[in-house]
Amino acid sequence: MVIRKYQPKDFENMRKICFETSSGFDSDRGKQALYAMYCDYYVLEEPDTCFVAANDNDEAIGYVICAPDQERYNKIFHQKYDPIVKKASFSRWLMHRLGNMMSKKVSKLYPAHLHIDILPEGQRQGLGHRLVDALILDLKQKGVKGVYLVCGAGNKKGVNFYRKYGFKEFSNAFGSVTFVMDID
Ligand SMILES: CC(C)(COP(=O)(O)OP(=O)(O)OC[C@H]1O[C@@H](n2cnc3c(N)ncnc32)[C@H](O)[C@@H]1OP(=O)(O)O)[C@@H](O)C(=O)NCCC(=O)NCCS
């Protein structure tokens, strides 16, 4: 399995991984909201900080996607992707908006944020660690000082993984844990 940067040919596989590792987004509208919030923004607007784990056929089976600068993210997401989410699902839009507002404090100290998802067949083989290693090295070279992420408190795989990798808990409220990592 190879870790490499995202390439445009990966786009449909990114959406597939995003959908298959999520739950509750089954309707067409749900998918539109899901892709806008948790896939398309990153691969289309920030491809240089997106990495994939690719199998022997060079097909992505996992990814880490990242917005390296929260201010830029807020601006572009608000202009181009927020309207898609709002039209597809008002409740999802509201929750995403609230999450964004709650990230204000953490993103001042940790300007980058990430999402990581790996298809079940690729899990627990070290790919998550290798993907985050690649991203952190890249962010370091770009001079980004810290990265955060938000994980459901009930997501055991996620919570265990971030703790094991060395992320620190920044906050734990309303069923979500925010993890952070200094990059120096
Ligand atoms: C969370 C995730 C990215 C971890 O990636 P991974 O490649 O499986 O993790 P690694 O192999 O690098 O690291 C393994 C560690 O992750 C955690 N972990 C991974 N799978 C786990 C599982 N099924 N149960 C409990 N902990 C698990 C453990 O800490 C594990 O260490 P251990 O095997 O010594 O207990 C991956 O499991 C995944 O994509 N899960 C589904 C989507 C998801 O939850 N994404 C995070 C959203 S916030």
# chains A, B, ... in the order shown; residues from 1 in each chain; ligands from 1
$ residues_around --residues "Ala53 of chain A" --least-positions-apart "5" --cutoff "12 Å" --atoms "only C-alpha atoms" --output "MDAnalysis selection string"
chainID A and resid 1:7 10 13:14 17 58:65 116:119 121:123 125:132 134:135
$ write_last_selection --atoms "C-alpha atoms" --output "PDB file, in the first residue's frame"
ATOM      1  CA  MET A   1       0.000   0.000   0.000  1.00  0.00           C
ATOM      2  CA  VAL A   2       1.390   3.371  -1.039  1.00  0.00           C
ATOM      3  CA  ILE A   3       0.774   6.774   0.566  1.00  0.00           C
ATOM      4  CA  ARG A   4       0.734   9.548  -2.017  1.00  0.00           C
ATOM      5  CA  LYS A   5      -0.842  12.917  -2.699  1.00  0.00           C
ATOM      6  CA  TYR A   6      -4.397  13.117  -3.973  1.00  0.00           C
ATOM      7  CA  GLN A   7      -4.798  13.171  -7.753  1.00  0.00           C
ATOM      8  CA  ASP A  10      -9.150   9.733  -7.178  1.00  0.00           C
ATOM      9  CA  ASN A  13     -13.053   6.937  -4.869  1.00  0.00           C
ATOM     10  CA  MET A  14     -12.779   9.776  -2.325  1.00  0.00           C
ATOM     11  CA  ILE A  17     -14.730   6.237   0.954  1.00  0.00           C
ATOM     12  CA  ASP A  58      -3.274   2.671  -7.533  1.00  0.00           C
ATOM     13  CA  GLU A  59      -6.876   3.068  -6.321  1.00  0.00           C
ATOM     14  CA  ALA A  60      -7.497   5.125  -3.177  1.00  0.00           C
ATOM     15  CA  ILE A  61      -8.891   3.036  -0.318  1.00  0.00           C
ATOM     16  CA  GLY A  62      -8.301   5.614   2.409  1.00  0.00           C
ATOM     17  CA  TYR A  63      -7.479   9.282   2.821  1.00  0.00           C
ATOM     18  CA  VAL A  64      -6.533  12.112   5.072  1.00  0.00           C
ATOM     19  CA  ILE A  65      -7.909  15.428   3.817  1.00  0.00           C
ATOM     20  CA  ILE A 116      -9.376  10.774   7.961  1.00  0.00           C
ATOM     21  CA  ASP A 117     -11.298   7.744   6.662  1.00  0.00           C
ATOM     22  CA  ILE A 118     -10.162   4.317   5.516  1.00  0.00           C
ATOM     23  CA  LEU A 119     -12.325   1.581   4.003  1.00  0.00           C
ATOM     24  CA  GLU A 121     -10.466  -3.669   4.475  1.00  0.00           C
ATOM     25  CA  GLY A 122      -7.596  -1.203   5.026  1.00  0.00           C
ATOM     26  CA  GLN A 123      -8.154  -0.486   8.698  1.00  0.00           C
ATOM     27  CA  GLN A 125      -2.816  -2.047   9.422  1.00  0.00           C
ATOM     28  CA  GLY A 126      -0.983   1.174  10.173  1.00  0.00           C
ATOM     29  CA  LEU A 127      -2.373   3.154   7.228  1.00  0.00           C
ATOM     30  CA  GLY A 128      -3.956   5.774   9.483  1.00  0.00           C
ATOM     31  CA  HIS A 129      -0.593   6.424  11.105  1.00  0.00           C
ATOM     32  CA  ARG A 130       1.167   6.602   7.735  1.00  0.00           C
ATOM     33  CA  LEU A 131      -1.417   9.013   6.326  1.00  0.00           C
ATOM     34  CA  VAL A 132      -1.174  11.364   9.315  1.00  0.00           C
ATOM     35  CA  ALA A 134       2.593  12.275   5.569  1.00  0.00           C
ATOM     36  CA  LEU A 135       0.193  15.122   6.286  1.00  0.00           C
TER      37      LEU A 135
END
$ residues_around --residues "Asp28 of chain A" --least-positions-apart "2" --cutoff "12 Å" --atoms "only C-alpha atoms" --output "compact mmCIF listing (two decimals) with N, CA and C atoms, in the first residue's frame"
# COMPACT_ATOMS: atom_id res chain seq x y z
N PHE A 19 -18.55 8.20 1.80
CA PHE A 19 -19.90 7.66 2.01
C PHE A 19 -19.86 6.37 2.82
N GLY A 24 -26.00 7.57 8.00
CA GLY A 24 -27.10 8.52 8.09
C GLY A 24 -27.18 9.50 6.92
N PHE A 25 -26.45 9.25 5.84
CA PHE A 25 -26.48 10.16 4.70
C PHE A 25 -26.99 9.46 3.44
N ASP A 26 -27.93 8.51 3.60
CA ASP A 26 -28.29 7.63 2.49
C ASP A 26 -29.09 8.28 1.36
N GLY A 30 -28.96 13.81 1.36
CA GLY A 30 -27.96 13.52 2.41
C GLY A 30 -26.57 13.42 1.80
N LYS A 31 -26.48 12.72 0.67
CA LYS A 31 -25.18 12.55 0.00
C LYS A 31 -24.63 13.90 -0.47
N GLN A 32 -25.51 14.73 -1.02
CA GLN A 32 -25.06 16.05 -1.49
C GLN A 32 -24.44 16.83 -0.33
N ALA A 33 -25.13 16.79 0.82
CA ALA A 33 -24.62 17.52 1.99
C ALA A 33 -23.31 16.90 2.47
N LEU A 34 -23.29 15.57 2.53
CA LEU A 34 -22.08 14.86 2.99
C LEU A 34 -20.86 15.22 2.15
N TYR A 35 -21.01 15.11 0.84
CA TYR A 35 -19.86 15.36 -0.05
C TYR A 35 -19.38 16.81 0.06
N VAL A 85 -24.97 22.76 1.01
CA VAL A 85 -25.40 22.02 2.21
C VAL A 85 -26.76 22.54 2.68
N LYS A 87 -29.14 23.95 1.01
CA LYS A 87 -30.21 23.54 0.10
C LYS A 87 -30.54 22.05 0.26
N ALA A 88 -29.49 21.25 0.49
CA ALA A 88 -29.69 19.80 0.59
C ALA A 88 -30.33 19.40 1.91
N SER A 89 -29.89 20.01 3.01
CA SER A 89 -30.41 19.62 4.33
C SER A 89 -30.19 20.76 5.33
$ closest_residue --among "A:Ile183, A:Leu114, A:Ala173, A:Met102" --to "ligand 1" --atoms "only C-alpha atoms and all ligand atoms"
A:Leu114
$ select_by_dssp --residues "segment 15-180 of chain A" --states "alpha helix (DSSP H)" --output "ChimeraX atom specification"
/A:15-20,28-35,70-76,82-88,90-102,104-109,127-141,156-165
$ closest_residue --among "A:Ser103, A:Asn55, A:Thr21, A:Ser27" --to "ligand 1" --atoms "only C-alpha atoms and all ligand atoms"
A:Thr21
$ closest_residue --among "A:Glu45, A:Ala67, A:Ser22, A:Asp182" --to "Gly152 of chain A" --atoms "only C-alpha atoms"
A:Ser22
$ select_by_dssp --residues "chain A" --states "strand (DSSP E or B)" --output "ChimeraX atom specification"
/A:2-5,51-54,60-67,112-118,146-152,168-173,176-182
